[in-house]
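Structure data (mmCIF, C-alpha atoms) from work29.cif:
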```cif
data_upload
#
loop_
_atom_site.label_atom_id
_atom_site.label_comp_id
_atom_site.auth_asym_id
_atom_site.auth_seq_id
_atom_site.Cartn_x
_atom_site.Cartn_y
_atom_site.Cartn_z
CA MET A 795 0.00 0.00 0.00
CA ASN A 796 1.87 3.06 -1.27
CA VAL A 797 0.60 6.37 0.11
CA LEU A 798 1.10 10.10 0.05
CA LEU A 799 1.70 11.58 3.48
CA MET A 800 0.72 15.20 4.03
CA LYS A 801 2.30 16.67 7.17
CA PHE A 802 0.82 19.79 8.75
CA PRO A 803 3.26 20.93 11.47
CA GLY A 804 1.77 23.19 14.13
CA LEU A 805 -1.76 22.74 12.73
CA ALA A 806 -4.78 20.70 13.79
CA VAL A 807 -6.50 20.45 10.41
CA ASP A 808 -9.83 18.67 10.39
CA ARG A 809 -10.65 15.90 7.96
CA ASP A 810 -13.40 17.85 6.15
CA ARG A 811 -11.03 20.72 5.35
CA ILE A 812 -8.41 18.37 3.92
CA ALA A 813 -11.03 16.41 1.97
CA GLY A 814 -12.48 19.66 0.61
CA MET A 815 -9.07 20.85 -0.55
CA LEU A 816 -8.40 17.56 -2.30
CA ARG A 817 -11.74 17.30 -4.07
CA LEU A 818 -11.67 20.71 -5.79
CA GLY A 819 -12.29 19.72 -9.41
CA VAL A 820 -9.96 16.72 -9.36
CA PRO A 821 -11.87 13.55 -10.29
CA GLU A 822 -8.76 11.34 -9.89
CA LEU A 823 -8.92 11.93 -6.14
CA ASP A 824 -12.34 10.27 -5.92
CA ALA A 825 -10.47 6.95 -6.31
CA CYS A 826 -8.39 7.57 -3.17
CA ALA A 827 -8.85 6.92 0.55
CA LEU A 828 -8.06 9.67 3.08
CA ASP A 829 -6.93 8.84 6.63
CA VAL A 830 -6.35 11.79 9.01
CA MET A 831 -4.45 11.73 12.34
CA HIS A 832 -3.91 14.33 15.07
CA ALA A 833 -0.85 14.26 17.31
CA VAL A 834 -1.61 13.57 20.97
CA ASP A 835 1.34 15.39 22.56
CA GLY A 836 1.56 18.47 20.38
CA VAL A 837 -0.14 20.18 17.48
CA GLU A 838 0.41 18.35 14.21
CA THR A 839 -1.74 16.61 11.63
CA TYR A 840 -0.76 13.72 9.37
CA ALA A 841 -3.04 12.83 6.47
CA TYR A 842 -2.47 9.71 4.38
CA LEU A 843 -3.86 9.61 0.87
CA GLU A 844 -3.96 6.15 -0.66
CA PRO A 845 -4.76 5.52 -4.33
CA LEU A 846 -7.22 2.64 -4.56
CA ALA A 847 -6.05 0.40 -7.39
CA ALA A 848 -9.38 -1.47 -7.48
CA ALA A 849 -11.15 1.85 -8.10
CA GLY A 850 -8.76 2.85 -10.90
CA GLY A 851 -6.86 5.25 -8.67
CA PRO A 852 -3.95 7.29 -10.04
CA SER A 853 -0.32 6.26 -9.62
CA LEU A 854 1.52 7.65 -6.61
CA ASP A 855 3.60 9.97 -8.82
CA THR A 856 0.51 11.33 -10.57
CA LEU A 857 -1.22 11.78 -7.24
CA ARG A 858 1.78 13.65 -5.86
CA ARG A 859 1.75 16.12 -8.79
CA ILE A 860 -1.98 16.73 -8.39
CA VAL A 861 -1.86 17.30 -4.63
CA ALA A 862 1.35 19.36 -4.44
CA GLY A 863 -0.14 22.52 -5.94
CA GLN A 864 -3.30 22.48 -3.87
CA LEU A 865 -1.44 21.75 -0.65
CA GLY A 866 1.17 24.46 -1.17
CA ALA A 867 -1.44 27.10 -2.01
CA LEU A 868 -3.52 26.53 1.14
CA PHE A 869 -0.92 25.30 3.64
CA PRO A 870 2.52 26.80 2.85
CA ARG A 871 4.19 25.06 5.83
CA ALA A 872 2.83 21.63 4.93
CA SER A 873 5.02 18.98 3.36
CA LEU A 874 4.21 16.09 1.05
CA LEU A 875 5.99 12.73 1.01
CA ALA A 876 5.57 9.76 -1.31
CA LEU A 877 5.86 6.66 0.90
CA ARG A 878 6.50 3.33 -0.80
CA ALA A 879 5.40 0.34 1.24
CA THR A 880 8.11 -2.20 2.02
CA LEU A 881 6.25 -4.41 4.54
CA ASP A 882 2.59 -4.55 5.61
CA LEU A 883 1.52 -7.03 8.32
CA PRO A 884 -1.85 -7.68 9.93
CA GLY A 885 -1.65 -7.41 13.69
CA ALA A 886 -2.73 -9.75 16.46
CA SER A 887 -5.90 -7.62 16.82
CA ALA A 888 -6.53 -7.15 13.08
CA ASP A 889 -10.30 -7.47 13.54
CA GLN A 890 -10.57 -4.45 15.89
CA PRO A 891 -10.93 -0.71 15.19
CA ALA A 892 -7.68 1.25 15.39
CA PRO A 893 -8.20 4.72 16.90
CA TRP A 894 -4.49 5.07 17.73
CA HIS A 895 -1.63 5.41 15.25
CA TYR A 896 2.01 5.35 16.35
CA VAL A 897 4.73 6.50 13.93
CA VAL A 898 8.51 6.14 14.06
CA GLU A 899 10.48 8.06 11.42
CA THR A 900 14.24 7.66 11.21
CA ASP A 901 17.35 7.68 9.14
CA VAL A 902 20.12 5.19 9.86
CA LEU A 903 23.89 5.34 9.58
CA PRO A 904 24.91 3.97 6.14
CA ALA A 905 27.20 1.29 7.57
CA ALA A 906 24.30 -0.14 9.60
CA GLU A 907 21.57 0.05 6.95
CA ASP A 908 21.57 -3.63 5.92
CA ASP A 909 21.42 -4.79 9.55
CA PHE A 910 18.71 -2.22 10.30
CA ASN A 911 16.49 -3.41 7.43
CA GLN A 912 16.98 -7.08 8.28
CA TRP A 913 16.13 -6.39 11.95
CA TYR A 914 13.01 -4.41 11.06
CA ASP A 915 11.72 -6.94 8.53
CA THR A 916 12.48 -10.19 10.38
CA GLU A 917 12.29 -9.33 14.09
CA HIS A 918 11.01 -5.89 15.02
CA LEU A 919 7.97 -5.24 12.83
CA PRO A 920 6.71 -8.86 12.98
CA GLY A 921 7.23 -8.84 16.76
CA LEU A 922 5.25 -5.63 17.28
CA ALA A 923 2.53 -6.85 14.88
CA ALA A 924 2.12 -9.94 17.11
CA VAL A 925 1.51 -7.86 20.26
CA PRO A 926 -2.14 -8.04 21.46
CA GLY A 927 -3.75 -4.72 20.59
CA THR A 928 -1.76 -4.16 17.39
CA VAL A 929 -4.19 -3.95 14.46
CA ARG A 930 -1.63 -3.43 11.69
CA ALA A 931 2.10 -2.76 11.31
CA ARG A 932 3.66 -1.20 8.20
CA ARG A 933 7.02 0.01 6.95
CA TYR A 934 7.54 2.65 4.29
CA LEU A 935 10.46 4.18 2.46
CA ALA A 936 10.54 7.88 1.56
CA ALA A 937 13.24 7.65 -1.09
CA ASP A 938 13.69 11.40 -1.63
CA ALA A 939 13.24 12.71 1.92
CA SER A 940 14.68 12.59 5.40
CA PRO A 941 13.85 10.72 7.53
CA ARG A 942 13.81 7.96 4.90
CA TYR A 943 12.28 5.16 6.96
CA HIS A 944 8.77 5.27 8.38
CA ALA A 945 7.11 2.62 10.54
CA ALA A 946 3.41 2.96 11.37
CA TYR A 947 1.43 0.94 13.89
CA ASP A 948 -2.36 0.99 14.12
CA LEU A 949 -3.40 0.22 17.70
CA ALA A 950 -6.70 -0.82 19.27
CA SER A 951 -5.83 1.04 22.50
CA ARG A 952 -3.18 3.45 23.61
CA GLU A 953 -2.19 0.97 26.33
CA THR A 954 -0.86 -1.40 23.65
CA PHE A 955 2.08 0.97 23.29
CA GLY A 956 4.13 0.41 26.42
CA SER A 957 2.47 -2.88 27.33
CA GLU A 958 4.70 -5.69 28.63
CA PRO A 959 4.67 -7.61 25.29
CA TRP A 960 5.41 -4.38 23.36
CA LEU A 961 8.36 -3.52 25.61
CA ALA A 962 9.70 -7.09 25.36
CA VAL A 963 9.93 -6.77 21.55
CA ARG A 964 11.80 -3.46 21.93
CA ALA A 965 14.26 -4.93 24.46
CA THR A 966 15.96 -7.64 22.40
CA ASP A 967 19.73 -7.85 21.96
CA TRP A 968 19.35 -7.11 18.27
CA SER A 969 17.27 -4.00 19.07
CA SER A 970 19.99 -2.79 21.43
CA ARG A 971 22.60 -3.24 18.70
CA VAL A 972 20.60 -1.48 15.96
CA ARG A 973 19.02 1.46 17.80
CA PRO A 974 22.26 3.47 18.39
CA ASN A 975 22.57 3.77 14.59
CA PHE A 976 19.31 5.75 14.30
CA THR A 977 19.64 9.41 13.31
CA ASN A 978 17.08 12.18 12.80
CA THR A 979 14.46 10.13 14.66
CA ARG A 980 10.90 11.21 15.49
CA ARG A 981 8.33 9.19 17.43
CA ILE A 982 4.73 10.45 17.46
CA MET A 983 1.49 9.06 18.86
CA PHE A 984 -1.61 10.09 16.91
CA LYS A 985 -5.36 9.74 17.42
CA ARG A 986 -7.24 8.86 14.24
CA ALA A 987 -9.74 11.58 13.35
CA ASP A 988 -12.67 9.37 12.41
CA VAL A 989 -12.39 6.28 14.66
CA GLN A 990 -13.84 6.11 18.15
CA GLY A 991 -12.12 4.16 20.92
CA ASN A 992 -10.03 4.36 24.06
#
```

Represent the structure of the file as structure tokens.
Amino acid sequence: MNVLLMKFPGLAVDRDRIAGMLRLGVPELDACALDVMHAVDGVETYAYLEPLAAAGGPSLDTLRRIVAGQLGALFPRASLLALRATLDLPGASADQPAPWHYVVETDVLPAAEDDFNQWYDTEHLPGLAAVPGTVRARRYLAADASPRYHAAYDLASRETFGSEPWLAVRATDWSSRVRPNFTNTRRIMFKRADVQGN
């Protein structure tokens, strides 16, 4: 699932305003899904726009060209990233709503990149996906931006993050070896704009 990520730093932008901006005379955007998140510990909005292939949605590059002009005109401080999916796993609680969305964005030292990717794909992301309360776990690559690597976790409850099983996955020997190689790292907890839950 490749997506466009619109970041609105310092702004709490509601879903209707973003949807209205995107629908202004652009029929290609009718074949896209919009998912809006608001940061819990600060003021920031993330909005994911996913082209729906089954609905004849545009390519990610086409979508990026369409959205860039509209976004820049209305929200000059906003940024737009094309995120290419590298791993998408259903979580242990895949059948539950996911009102919470946790994001880790990072770069990694070049010498540690192969180890980092192997750790994320074989241990870390599968381990966090298997934690009760995780609905979905995904990894993305932003090839032309920094941070380059994005991990996103949809959670059934905020308590999933920081639970004993979650912390156990983060505390492995491999995790301890890889984590010091992170650079330019951001970790943000979001609440999904249109999903109810605790």

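Neighbourhood of point (21.1, 5.5, 17.6): residues with an atom at most 12 Å away, counting all atoms listed in the file, are Thr900, Asp901, Val902, Leu903, Ala906, Glu907, Phe910, Ser969, Ser970, Arg971, Val972, Arg973, Pro974, Asn975, Phe976, Thr977, Asn978, Thr979 and Arg980 of chain A.
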
Original post:
If we count only C-alpha atoms, what is near A:His918 at a cut-off of 12 Å, once residues fewer than 6 positions away on the same chain are taken out, given as a ChimeraX atom specification?
Top reply: /A:881,883,909-912,924-925,931-933,945,947,960-970,972-973

Subject >> Contacts of stretch 873-876 of chain A at 9 Å (all atoms listed in the file; same-chain gap of 2+ positions) as a list in words >> reply: Asn796, Val797, Leu798, Leu799, Met800, Lys801, Phe802, Pro803, Leu854, Asp855, Arg858, Val861, Ala862, Leu865, Gly866, Phe869, Pro870, Arg871, Arg878, Leu935, Ala936, Ala937, Asp938 and Ala939 of chain A

Subject >> Given all atoms listed in the file as the counted atoms, nearest of A:Ala825, A:Leu877, A:Leu919, A:Ile860 to A:Tyr842 >> reply: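 Closest to A:Tyr842, using all atoms listed in the file: A:Leu877.
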
Subject >> Residues in the PyMOL selection byres ((chain A and resi 826-835) around 6), expressed as a PyMOL selection string >> reply: chain A and resi 823-825+836-846+983-987

Original post:
Written as a ChimeraX atom specification, which residues does the PyMOL selection byres ((chain A and resi 884) around 7) give for the file shown?
Top reply: /A:882-883,885-886,888,923,929-931

Original post:
What does the distance from atom CA of A:Val897 to atom CA of A:Thr954 come to in Å, to one decimal?
Top reply: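 These atoms are spaced 13.7 Å apart.
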
Original post:
Please, what distance in Å, to one decimal, runs between atom CA of A:Phe955 and atom CA of A:Gly804?
Top reply: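 Computed distance, atom CA of A:Phe955 to atom CA of A:Gly804, equals 24.0 Å.
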
**OP:** Between atom CA of A:Leu868 and atom CA of A:Val807, measure the distance and give it in Å to one decimal.
**Re:** 11.5 Å

**OP:** Might you spell out which residues the PyMOL selection byres ((chain A and resi 892) around 7) would select in the displayed file, as a ChimeraX atom specification?
**Re:** /A:890-891,893-894,929,948-950,989

Please, could you write that set of residues out with C-alpha atoms as an mmCIF file, in the coordinates of the input?
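Result written to out-v6.cif:
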```cif
data_model
loop_
_atom_site.group_PDB
_atom_site.id
_atom_site.type_symbol
_atom_site.label_atom_id
_atom_site.label_comp_id
_atom_site.auth_asym_id
_atom_site.auth_seq_id
_atom_site.Cartn_x
_atom_site.Cartn_y
_atom_site.Cartn_z
ATOM 1 C CA GLN A 890 -10.570 -4.450 15.890
ATOM 2 C CA PRO A 891 -10.930 -0.710 15.190
ATOM 3 C CA PRO A 893 -8.200 4.720 16.900
ATOM 4 C CA TRP A 894 -4.490 5.070 17.730
ATOM 5 C CA VAL A 929 -4.190 -3.950 14.460
ATOM 6 C CA ASP A 948 -2.360 0.990 14.120
ATOM 7 C CA LEU A 949 -3.400 0.220 17.700
ATOM 8 C CA ALA A 950 -6.700 -0.820 19.270
ATOM 9 C CA VAL A 989 -12.390 6.280 14.660
#
```
